[in-house]
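One file, structure_25.csv, carrying CSV, C-alpha atoms (C1' of nucleotides):
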```
chain,number,residue,atom,x,y,z
A,1,MET,CA,-7.2,-26.8,18.7
A,2,LYS,CA,-9.8,-25.1,16.6
A,3,ILE,CA,-10.0,-21.4,15.9
A,4,GLY,CA,-12.4,-20.6,18.8
A,5,GLU,CA,-10.0,-22.1,21.3
A,6,LEU,CA,-7.0,-20.4,19.8
A,7,ALA,CA,-8.9,-17.1,19.9
A,8,LYS,CA,-9.7,-17.6,23.6
A,9,HIS,CA,-6.1,-18.4,24.5
A,10,ALA,CA,-4.9,-15.3,22.6
A,11,GLY,CA,-7.6,-13.0,23.8
A,12,CYS,CA,-9.1,-12.1,20.5
A,13,THR,CA,-11.9,-13.3,18.3
A,14,ALA,CA,-12.0,-16.0,15.6
A,15,GLU,CA,-12.7,-13.2,13.0
A,16,THR,CA,-9.5,-11.5,14.0
A,17,ILE,CA,-7.5,-14.6,13.4
A,18,ARG,CA,-9.1,-15.2,10.0
A,19,PHE,CA,-8.3,-11.6,9.2
A,20,TYR,CA,-4.7,-12.1,10.2
A,21,GLU,CA,-4.5,-15.1,8.0
A,22,ARG,CA,-6.1,-13.4,5.1
A,23,THR,CA,-3.6,-10.5,5.3
A,24,GLY,CA,-0.6,-12.8,5.8
A,25,LEU,CA,0.2,-12.0,9.4
A,26,LEU,CA,-0.4,-15.6,10.3
A,27,PRO,CA,0.4,-18.5,8.0
A,28,LYS,CA,-2.3,-20.6,6.4
A,29,THR,CA,-2.8,-23.6,8.6
A,30,SER,CA,-3.9,-27.1,8.1
A,31,ARG,CA,-7.5,-28.1,8.0
A,32,THR,CA,-9.5,-31.0,9.5
A,33,ALA,CA,-11.7,-33.3,7.4
A,34,GLY,CA,-14.6,-30.9,7.9
A,35,ASN,CA,-12.5,-28.0,6.6
A,36,TYR,CA,-12.0,-26.5,10.1
A,37,ARG,CA,-8.7,-24.7,10.7
A,38,PHE,CA,-6.4,-26.6,13.1
A,39,TYR,CA,-3.8,-25.0,15.3
A,40,ASP,CA,-1.0,-26.0,17.7
A,41,GLU,CA,1.2,-24.3,20.2
A,42,SER,CA,3.5,-22.7,17.6
A,43,HIS,CA,0.5,-20.9,16.1
A,44,LEU,CA,-0.5,-19.7,19.5
A,45,GLU,CA,3.0,-18.3,20.1
A,46,ARG,CA,3.0,-16.4,16.9
A,47,LEU,CA,-0.5,-15.0,17.5
A,48,ARG,CA,0.5,-13.9,21.0
A,49,LEU,CA,3.4,-12.1,19.6
A,50,VAL,CA,1.1,-10.3,17.2
A,51,ARG,CA,-1.5,-9.5,19.9
A,52,ASN,CA,1.2,-8.3,22.3
A,53,CYS,CA,2.6,-6.0,19.7
A,54,ARG,CA,-0.9,-4.7,19.0
A,55,ALA,CA,-1.5,-4.2,22.7
A,56,LEU,CA,1.7,-2.1,22.7
A,57,GLY,CA,0.1,0.0,19.9
A,58,MET,CA,2.1,-1.2,17.0
A,59,ALA,CA,0.6,-1.0,13.5
A,60,LEU,CA,0.2,-4.2,11.6
A,61,GLY,CA,2.9,-3.0,9.2
A,62,GLU,CA,5.4,-2.6,12.1
A,63,ILE,CA,4.5,-6.1,13.3
A,64,ARG,CA,5.0,-7.5,9.8
A,65,ALA,CA,8.5,-6.0,9.8
A,66,LEU,CA,9.2,-7.4,13.3
A,67,LEU,CA,8.0,-10.9,12.2
A,68,ALA,CA,10.3,-10.7,9.2
A,69,ALA,CA,13.2,-9.7,11.5
A,70,THR,CA,12.4,-12.6,13.8
A,71,SER,CA,12.0,-15.2,11.1
A,72,ASP,CA,15.6,-16.3,11.2
A,73,PRO,CA,16.2,-17.2,14.9
A,74,HIS,CA,20.0,-17.0,14.4
A,75,ALA,CA,20.0,-13.5,13.0
A,76,ASP,CA,20.9,-10.8,15.5
A,77,CYS,CA,18.3,-8.7,17.1
A,78,ALA,CA,19.6,-5.3,16.0
A,79,THR,CA,16.7,-4.9,13.6
A,80,VAL,CA,14.2,-5.8,16.3
A,81,ASP,CA,15.8,-3.1,18.5
A,82,GLN,CA,15.5,-0.5,15.8
A,83,LEU,CA,11.8,-1.3,15.2
A,84,LEU,CA,11.1,-1.0,18.9
A,85,GLU,CA,13.0,2.2,19.1
A,86,ALA,CA,11.0,3.6,16.2
A,87,HIS,CA,7.8,2.6,17.8
A,88,ILE,CA,8.8,4.2,21.1
A,89,GLY,CA,9.4,7.3,19.1
A,90,HIS,CA,5.9,7.2,17.6
A,91,VAL,CA,4.3,6.7,21.0
A,92,ALA,CA,6.3,9.6,22.5
A,93,ALA,CA,5.3,11.9,19.7
A,94,ARG,CA,1.6,11.0,20.0
A,95,LEU,CA,1.9,11.5,23.8
A,96,ALA,CA,3.3,14.9,23.3
A,97,GLU,CA,0.6,15.8,20.8
A,98,LEU,CA,-2.2,14.6,23.1
A,99,ALA,CA,-0.7,16.4,26.1
A,100,HIS,CA,-0.7,19.6,24.1
A,101,LEU,CA,-4.3,19.0,23.0
A,102,GLN,CA,-5.4,18.4,26.6
A,103,GLU,CA,-3.8,21.7,27.6
A,104,GLN,CA,-5.7,23.6,25.0
A,105,LEU,CA,-9.0,21.9,25.9
A,106,LEU,CA,-8.6,22.9,29.5
A,107,VAL,CA,-8.0,26.5,28.5
A,108,LEU,CA,-11.0,26.3,26.3
A,109,ARG,CA,-13.2,25.0,29.1
A,110,ALA,CA,-12.1,27.8,31.4
A,111,ARG,CA,-13.6,30.3,28.9
A,112,CYS,CA,-17.1,29.3,29.7
A,113,HIS,CA,-17.9,29.8,33.4
A,114,ASP,CA,-21.4,28.8,34.1
A,115,GLY,CA,-23.0,27.4,31.0
A,116,THR,CA,-26.0,29.7,31.2
A,117,GLN,CA,-25.1,32.3,28.7
A,118,ALA,CA,-26.3,32.3,25.1
A,119,VAL,CA,-24.3,30.2,22.7
A,120,ARG,CA,-23.2,33.1,20.6
A,121,ASP,CA,-21.8,34.8,23.7
A,122,CYS,CA,-20.0,31.7,24.9
A,123,GLY,CA,-16.3,32.0,25.0
A,124,ILE,CA,-15.9,28.4,23.9
A,125,ILE,CA,-17.8,28.9,20.6
A,126,GLN,CA,-16.1,32.2,20.0
A,127,ALA,CA,-12.7,30.6,20.4
A,128,LEU,CA,-13.6,27.7,18.1
A,129,ASN,CA,-14.8,30.1,15.5
A,130,GLY,CA,-11.4,31.7,15.3
A,131,THR,CA,-8.5,31.1,12.9
A,132,PRO,CA,-7.0,27.7,12.7
A,133,ASP,CA,-4.2,28.9,14.9
A,134,ILE,CA,-5.9,27.6,18.1
A,135,CYS,CA,-3.0,29.1,20.1
A,136,HIS,CA,-4.8,32.4,20.3
A,137,LEU,CA,-6.7,30.7,23.0
A,138,MET,CA,-3.8,31.0,25.4
B,1,MET,CA,-14.3,32.4,-3.1
B,2,LYS,CA,-13.8,29.0,-4.7
B,3,ILE,CA,-13.1,25.8,-2.9
B,4,GLY,CA,-9.3,26.0,-3.3
B,5,GLU,CA,-9.2,29.4,-1.7
B,6,LEU,CA,-11.5,28.3,1.1
B,7,ALA,CA,-9.3,25.3,1.7
B,8,LYS,CA,-6.2,27.4,1.9
B,9,HIS,CA,-7.8,29.7,4.5
B,10,ALA,CA,-9.0,26.8,6.6
B,11,GLY,CA,-5.8,24.8,6.3
B,12,CYS,CA,-7.2,21.7,4.7
B,13,THR,CA,-7.7,20.4,1.2
B,14,ALA,CA,-10.6,20.8,-1.3
B,15,GLU,CA,-11.2,17.1,-1.1
B,16,THR,CA,-11.8,17.4,2.7
B,17,ILE,CA,-14.3,20.2,2.1
B,18,ARG,CA,-16.2,18.2,-0.5
B,19,PHE,CA,-16.1,15.3,2.0
B,20,TYR,CA,-17.6,17.5,4.8
B,21,GLU,CA,-20.3,18.7,2.4
B,22,ARG,CA,-21.2,15.1,1.4
B,23,THR,CA,-21.5,14.0,5.0
B,24,GLY,CA,-23.5,17.0,6.0
B,25,LEU,CA,-21.0,18.7,8.2
B,26,LEU,CA,-21.0,21.7,5.9
B,27,PRO,CA,-24.1,22.9,4.1
B,28,LYS,CA,-24.4,22.6,0.3
B,29,THR,CA,-23.4,25.9,-1.1
B,30,SER,CA,-24.3,27.8,-4.2
B,31,ARG,CA,-22.6,27.2,-7.5
B,32,THR,CA,-21.3,29.5,-10.2
B,33,ALA,CA,-22.4,29.3,-13.9
B,34,GLY,CA,-19.6,26.8,-14.4
B,35,ASN,CA,-20.8,24.6,-11.5
B,36,TYR,CA,-18.0,25.6,-9.2
B,37,ARG,CA,-18.8,25.8,-5.5
B,38,PHE,CA,-18.9,29.3,-4.2
B,39,TYR,CA,-18.2,30.3,-0.6
B,40,ASP,CA,-18.3,33.4,1.6
B,41,GLU,CA,-17.0,34.3,5.1
B,42,SER,CA,-19.8,32.5,6.9
B,43,HIS,CA,-18.8,29.2,5.3
B,44,LEU,CA,-15.2,29.9,6.3
B,45,GLU,CA,-16.3,30.5,9.9
B,46,ARG,CA,-18.2,27.2,10.1
B,47,LEU,CA,-15.3,25.3,8.4
B,48,ARG,CA,-12.9,26.8,10.9
B,49,LEU,CA,-15.0,25.6,13.7
B,50,VAL,CA,-15.0,22.1,12.3
B,51,ARG,CA,-11.2,22.2,11.7
B,52,ASN,CA,-10.5,23.6,15.1
B,53,CYS,CA,-12.5,20.9,16.7
B,54,ARG,CA,-10.7,18.3,14.6
B,55,ALA,CA,-7.4,19.8,15.7
B,56,LEU,CA,-8.5,19.3,19.2
B,57,GLY,CA,-9.1,15.6,18.5
B,58,MET,CA,-12.8,15.6,18.3
B,59,ALA,CA,-14.6,13.0,16.2
B,60,LEU,CA,-16.9,14.2,13.4
B,61,GLY,CA,-19.8,12.8,15.5
B,62,GLU,CA,-18.9,15.0,18.4
B,63,ILE,CA,-18.5,18.0,16.1
B,64,ARG,CA,-21.9,17.3,14.6
B,65,ALA,CA,-23.4,17.4,18.1
B,66,LEU,CA,-21.6,20.6,18.8
B,67,LEU,CA,-22.8,22.2,15.6
B,68,ALA,CA,-26.4,21.2,16.5
B,69,ALA,CA,-26.0,22.7,20.0
B,70,THR,CA,-24.7,25.9,18.4
B,71,SER,CA,-27.4,26.2,15.7
B,72,ASP,CA,-29.7,28.3,17.9
B,73,PRO,CA,-27.5,31.3,18.9
B,74,HIS,CA,-30.0,32.1,21.7
B,75,ALA,CA,-29.9,28.7,23.3
B,76,ASP,CA,-27.6,28.4,26.4
B,77,CYS,CA,-24.3,26.8,26.1
B,78,ALA,CA,-24.7,24.1,28.7
B,79,THR,CA,-24.8,21.4,26.0
B,80,VAL,CA,-21.6,22.8,24.5
B,81,ASP,CA,-20.0,22.6,27.9
B,82,GLN,CA,-21.1,19.0,28.3
B,83,LEU,CA,-19.7,18.0,25.0
B,84,LEU,CA,-16.4,19.6,25.7
B,85,GLU,CA,-16.3,18.0,29.1
B,86,ALA,CA,-16.9,14.6,27.6
B,87,HIS,CA,-14.1,15.2,25.0
B,88,ILE,CA,-11.7,16.2,27.7
B,89,GLY,CA,-12.5,12.9,29.4
B,90,HIS,CA,-11.8,11.0,26.2
B,91,VAL,CA,-8.4,12.7,25.8
B,92,ALA,CA,-7.5,12.1,29.4
B,93,ALA,CA,-8.3,8.4,29.0
B,94,ARG,CA,-6.3,8.1,25.9
B,95,LEU,CA,-3.4,9.9,27.5
B,96,ALA,CA,-3.4,7.5,30.4
B,97,GLU,CA,-3.4,4.5,28.1
B,98,LEU,CA,-0.6,5.9,26.0
B,99,ALA,CA,1.5,6.7,29.1
B,100,HIS,CA,1.0,3.1,30.3
B,101,LEU,CA,2.0,1.8,26.9
B,102,GLN,CA,5.1,3.9,26.8
B,103,GLU,CA,6.1,2.6,30.2
B,104,GLN,CA,5.8,-1.0,29.0
B,105,LEU,CA,7.8,-0.2,25.8
B,106,LEU,CA,10.7,1.2,27.9
B,107,VAL,CA,10.8,-1.8,30.1
B,108,LEU,CA,10.7,-4.0,27.0
B,109,ARG,CA,13.6,-2.1,25.4
B,110,ALA,CA,15.7,-2.5,28.5
B,111,ARG,CA,15.5,-6.3,28.0
B,112,CYS,CA,17.8,-6.2,25.0
B,113,HIS,CA,21.1,-4.7,25.9
B,114,ASP,CA,23.3,-4.6,22.9
B,115,GLY,CA,21.4,-5.9,19.9
B,116,THR,CA,24.1,-8.4,19.0
B,117,GLN,CA,22.5,-11.6,20.4
B,118,ALA,CA,20.5,-14.0,18.3
B,119,VAL,CA,16.9,-13.2,17.9
B,120,ARG,CA,15.7,-16.2,19.8
B,121,ASP,CA,17.8,-15.2,22.8
B,122,CYS,CA,16.6,-11.7,22.7
B,123,GLY,CA,14.7,-10.6,25.8
B,124,ILE,CA,12.4,-8.5,23.7
B,125,ILE,CA,11.2,-11.4,21.5
B,126,GLN,CA,11.0,-13.7,24.5
B,127,ALA,CA,8.7,-11.2,26.2
B,128,LEU,CA,6.6,-10.6,23.2
B,129,ASN,CA,6.1,-14.3,22.8
B,130,GLY,CA,4.6,-14.6,26.3
B,131,THR,CA,1.0,-14.6,27.4
B,132,PRO,CA,-1.2,-11.6,26.4
B,133,ASP,CA,-0.8,-10.3,30.0
B,134,ILE,CA,2.1,-8.1,29.0
B,135,CYS,CA,2.5,-7.1,32.6
B,136,HIS,CA,4.7,-10.1,33.2
B,137,LEU,CA,7.3,-7.8,31.6
B,138,MET,CA,7.6,-5.8,34.8
C,1,DC,C1',-6.5,27.8,-29.8
C,2,DT,C1',-3.9,25.6,-26.8
C,3,DT,C1',-1.6,25.3,-22.3
C,4,DG,C1',-2.1,25.0,-17.5
C,5,DA,C1',-4.3,25.6,-13.2
C,6,DC,C1',-8.2,24.8,-11.2
C,7,DC,C1',-12.7,22.5,-10.6
C,8,DC,C1',-16.4,18.6,-11.1
C,9,DT,C1',-18.4,13.6,-10.0
C,10,DG,C1',-18.2,9.0,-8.5
C,11,DA,C1',-15.7,5.2,-7.0
C,12,DA,C1',-12.0,2.9,-4.7
C,13,DG,C1',-8.2,2.6,-1.3
C,14,DT,C1',-6.4,3.2,3.6
C,15,DT,C1',-6.3,0.7,8.9
C,16,DA,C1',-7.7,-2.9,11.8
C,17,DC,C1',-11.0,-4.9,12.5
C,18,DT,C1',-16.3,-6.2,13.1
C,19,DA,C1',-20.6,-7.8,11.5
C,20,DC,C1',-23.3,-9.9,8.9
C,21,DA,C1',-25.7,-13.7,5.5
C,22,DG,C1',-26.1,-18.1,4.3
C,23,DA,C1',-24.2,-22.4,4.5
C,24,DG,C1',-21.8,-26.7,6.5
C,25,DT,C1',-20.0,-29.5,10.7
C,26,DG,C1',-20.1,-31.8,15.1
C,27,DT,C1',-21.9,-33.2,19.4
C,28,DC,C1',-25.5,-34.1,22.7
C,29,DT,C1',-30.1,-35.3,24.0
C,30,DA,C1',-34.8,-37.3,23.4
D,1,DT,C1',-32.3,-41.3,14.3
D,2,DA,C1',-33.8,-36.7,14.4
D,3,DG,C1',-33.5,-32.3,16.1
D,4,DA,C1',-31.3,-28.6,18.6
D,5,DC,C1',-27.4,-26.1,19.4
D,6,DA,C1',-22.7,-24.5,19.3
D,7,DC,C1',-19.3,-23.9,16.3
D,8,DT,C1',-17.1,-23.2,11.8
D,9,DC,C1',-16.8,-21.9,6.8
D,10,DT,C1',-16.7,-18.2,2.8
D,11,DG,C1',-17.5,-13.9,1.0
D,12,DT,C1',-19.0,-9.3,1.4
D,13,DA,C1',-19.8,-4.9,3.5
D,14,DG,C1',-19.5,-1.7,7.2
D,15,DT,C1',-16.7,1.6,10.4
D,16,DA,C1',-13.6,6.7,10.7
D,17,DA,C1',-11.9,10.4,8.3
D,18,DC,C1',-10.2,11.1,4.9
D,19,DT,C1',-7.0,10.4,0.3
D,20,DT,C1',-6.4,9.1,-4.3
D,21,DC,C1',-7.7,8.2,-8.8
D,22,DA,C1',-10.0,8.3,-13.3
D,23,DG,C1',-12.1,10.8,-16.6
D,24,DG,C1',-13.8,14.5,-17.5
D,25,DG,C1',-15.3,20.2,-17.6
D,26,DT,C1',-14.1,25.5,-16.9
D,27,DC,C1',-11.5,29.5,-17.3
D,28,DA,C1',-7.8,33.0,-17.9
D,29,DA,C1',-3.5,33.9,-20.2
D,30,DG,C1',-0.4,33.9,-24.2
```
Would you put the structure from the file into structure tokens?
Amino acid sequence: MKIGELAKHAGCTAETIRFYERTGLLPKTSRTAGNYRFYDESHLERLRLVRNCRALGMALGEIRALLAATSDPHADCATVDQLLEAHIGHVAARLAELAHLQEQLLVLRARCHDGTQAVRDCGIIQALNGTPDICHLM
Amino acid sequence: MKIGELAKHAGCTAETIRFYERTGLLPKTSRTAGNYRFYDESHLERLRLVRNCRALGMALGEIRALLAATSDPHADCATVDQLLEAHIGHVAARLAELAHLQEQLLVLRARCHDGTQAVRDCGIIQALNGTPDICHLM
DNA sequence: CTTGACCCTGAAGTTACTACAGAGTGTCTA
DNA sequence: TAGACACTCTGTAGTAACTTCAGGGTCAAG
């Protein structure tokens, strides 16, 4: 199949595939007489792995490591496990950060009650003008 | 004060401040005889507002809008409220996304029990090789 | 007068793509 | 057979929010 069809099957664009090839995430593939890239099922499988990992929020570097750990099908999957574990840790950390942010934002919102006061008297702006220690909001 | 001191007070680097100036988030300031930027308390206040907003996860574009809404201290703060409300929405959406991701990652992890099997038999890799609809994991 | 800490500018690197511009290829229809 | 149209090619530049670097200048202390 050509790049457009591969893209459709993988749920991404042709540009993305060319980008992955350029950066070594996908191997260079064969070309037709007209210099079009030509793909088969194995390419689709690899691309799907990459796209699934991206959908799970992994960075391309993490995926590269995962592909390396997968390259020998007889190797054990301890490395894969570790990479996944590390990524779960990243996501958990980001989740905690965001939850904390959201909490602060809700407190901040509560400081302005009707939106009709002058900006300089608004509790939101006053809080945002404070020291970087945003915790004084609480 | 000079840029290094301002940076220290605001909890960022001098490069960040120069970047904010270049992109119009901070005004161009006066210079000393030796061409050093020179700042006072009002600059610090504005920079803190910017950094606080960044700490709350706002994009520079959002902050630019907020600064514009704040520029007239007699205007009412309805616009400020709206901007904050929109940002709270963004964070909530991102939180929901991340929570969903984390759920999928935990399911994925459960598919490999001991890390000693061959990569090609590993449930993790099998799942990652599937269709982009990662929900088949569940 | 030299050392070291600080500052200056301008350009390039980072991530993961996306969006061109300008050209060639392939198929279908008139 | 010619034209229209969809698709593909390469290479470059743009995005966000900085960070890093090269190659300088400034200033106070010893």
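Least-squares superposition of chain B onto chain A, taking every C-alpha atom paired in order, leaves an RMSD of 0.2 Å.
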In the coordinate frame of the file, compute which residues have an atom within 7 Å of (-20.0, -6.2, 6.6) when using all atoms listed in the file, and state them as a tab-separated table (two decimals) with C-alpha atoms (C1' of nucleotides), keeping the file's coordinate frame.
```tsv
chain	number	residue	atom	x	y	z
C	19	DA	C1'	-20.60	-7.80	11.50
C	20	DC	C1'	-23.30	-9.90	8.90
D	12	DT	C1'	-19.00	-9.30	1.40
D	13	DA	C1'	-19.80	-4.90	3.50
D	14	DG	C1'	-19.50	-1.70	7.20
```
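Minimum distance to chain C across A:Val119, A:Cys12, A:Leu83, A:Ala65 (counting only C-alpha atoms (C1' of nucleotides)) occurs at A:Cys12.
Omitting DT20 in chain D and its sequence neighbours fewer than 3 positions away, and counting all atoms listed in the file, the residues within 10 Å are Glu15 of chain B; DA12, DG13 and DT14 of chain C.
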Near chain B, which residues of chain D fall within 10 Å when you count all atoms listed in the file, and what do they look like as a list in words?
DA16, DA17, DC18, DT19, DT20, DG25, DT26 and DC27 of chain D
At a cut-off of 7 Å, can you tabulate as JSON lines every residue of range 50-87 of chain B near range 120-126 of chain A together with its closest atom pair and the distance in Å to one decimal, using all atoms listed in the file and ordering rows by chain then number?
```
{"residue": "B:Pro73", "atom": "CA", "partner": "A:Arg120", "partner_atom": "CA", "distance": 5.0}
{"residue": "B:His74", "atom": "CA", "partner": "A:Arg120", "partner_atom": "CA", "distance": 7.0}
{"residue": "B:Cys77", "atom": "CA", "partner": "A:Cys122", "partner_atom": "CA", "distance": 6.6}
```
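Of note, CA of Arg51 in chain B and CA of Ala10 in chain B are spaced 7.2 Å apart.
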Residues of chain C within 9 Å of chain B, counting only C-alpha atoms (C1' of nucleotides) - could you list those as a PyMOL selection string?
chain C and resi 6-8
Put those residues in a file: C-alpha atoms (C1' of nucleotides), as a PDB file, in the frame of the given file.
```pdb
ATOM      1  C1'  DC C   6      -8.200  24.800 -11.200  1.00  0.00           C
ATOM      2  C1'  DC C   7     -12.700  22.500 -10.600  1.00  0.00           C
ATOM      3  C1'  DC C   8     -16.400  18.600 -11.100  1.00  0.00           C
TER       4       DC C   8
END
```
Neighbours of chain A in chain B at 6 Å, counting all atoms listed in the file, as a PDB file with C-alpha atoms, in the coordinates of the input:
```pdb
ATOM      1  CA  GLU B  45     -16.300  30.500   9.900  1.00  0.00           C
ATOM      2  CA  ARG B  48     -12.900  26.800  10.900  1.00  0.00           C
ATOM      3  CA  LEU B  49     -15.000  25.600  13.700  1.00  0.00           C
ATOM      4  CA  ASN B  52     -10.500  23.600  15.100  1.00  0.00           C
ATOM      5  CA  LEU B  56      -8.500  19.300  19.200  1.00  0.00           C
ATOM      6  CA  PRO B  73     -27.500  31.300  18.900  1.00  0.00           C
ATOM      7  CA  HIS B  74     -30.000  32.100  21.700  1.00  0.00           C
ATOM      8  CA  ALA B  75     -29.900  28.700  23.300  1.00  0.00           C
ATOM      9  CA  ASP B  76     -27.600  28.400  26.400  1.00  0.00           C
ATOM     10  CA  CYS B  77     -24.300  26.800  26.100  1.00  0.00           C
ATOM     11  CA  ALA B  78     -24.700  24.100  28.700  1.00  0.00           C
ATOM     12  CA  LEU B 101       2.000   1.800  26.900  1.00  0.00           C
ATOM     13  CA  GLY B 115      21.400  -5.900  19.900  1.00  0.00           C
ATOM     14  CA  THR B 116      24.100  -8.400  19.000  1.00  0.00           C
ATOM     15  CA  GLN B 117      22.500 -11.600  20.400  1.00  0.00           C
ATOM     16  CA  ALA B 118      20.500 -14.000  18.300  1.00  0.00           C
ATOM     17  CA  VAL B 119      16.900 -13.200  17.900  1.00  0.00           C
ATOM     18  CA  ARG B 120      15.700 -16.200  19.800  1.00  0.00           C
ATOM     19  CA  LEU B 128       6.600 -10.600  23.200  1.00  0.00           C
ATOM     20  CA  ASN B 129       6.100 -14.300  22.800  1.00  0.00           C
ATOM     21  CA  PRO B 132      -1.200 -11.600  26.400  1.00  0.00           C
TER      22      PRO B 132
END
```
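Rounded to one decimal, CA of Lys8 in chain A and CA of Asp40 in chain A lie 13.5 Å from each other.
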So how far away is CA of Arg54 in chain A from C1' of DC17 in chain C, in Å?
12.0 Å
For DG4 in chain C, which of D:DA28, D:DA2, D:DC21, D:DC9 is the closest residue, counting all atoms listed in the file?
D:DA28
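When only C-alpha atoms (C1' of nucleotides) are used to measure the gap to DA16 in chain C, the shortest distance among D:DG24, D:DT15, D:DT1, D:DC7 belongs to D:DT15.
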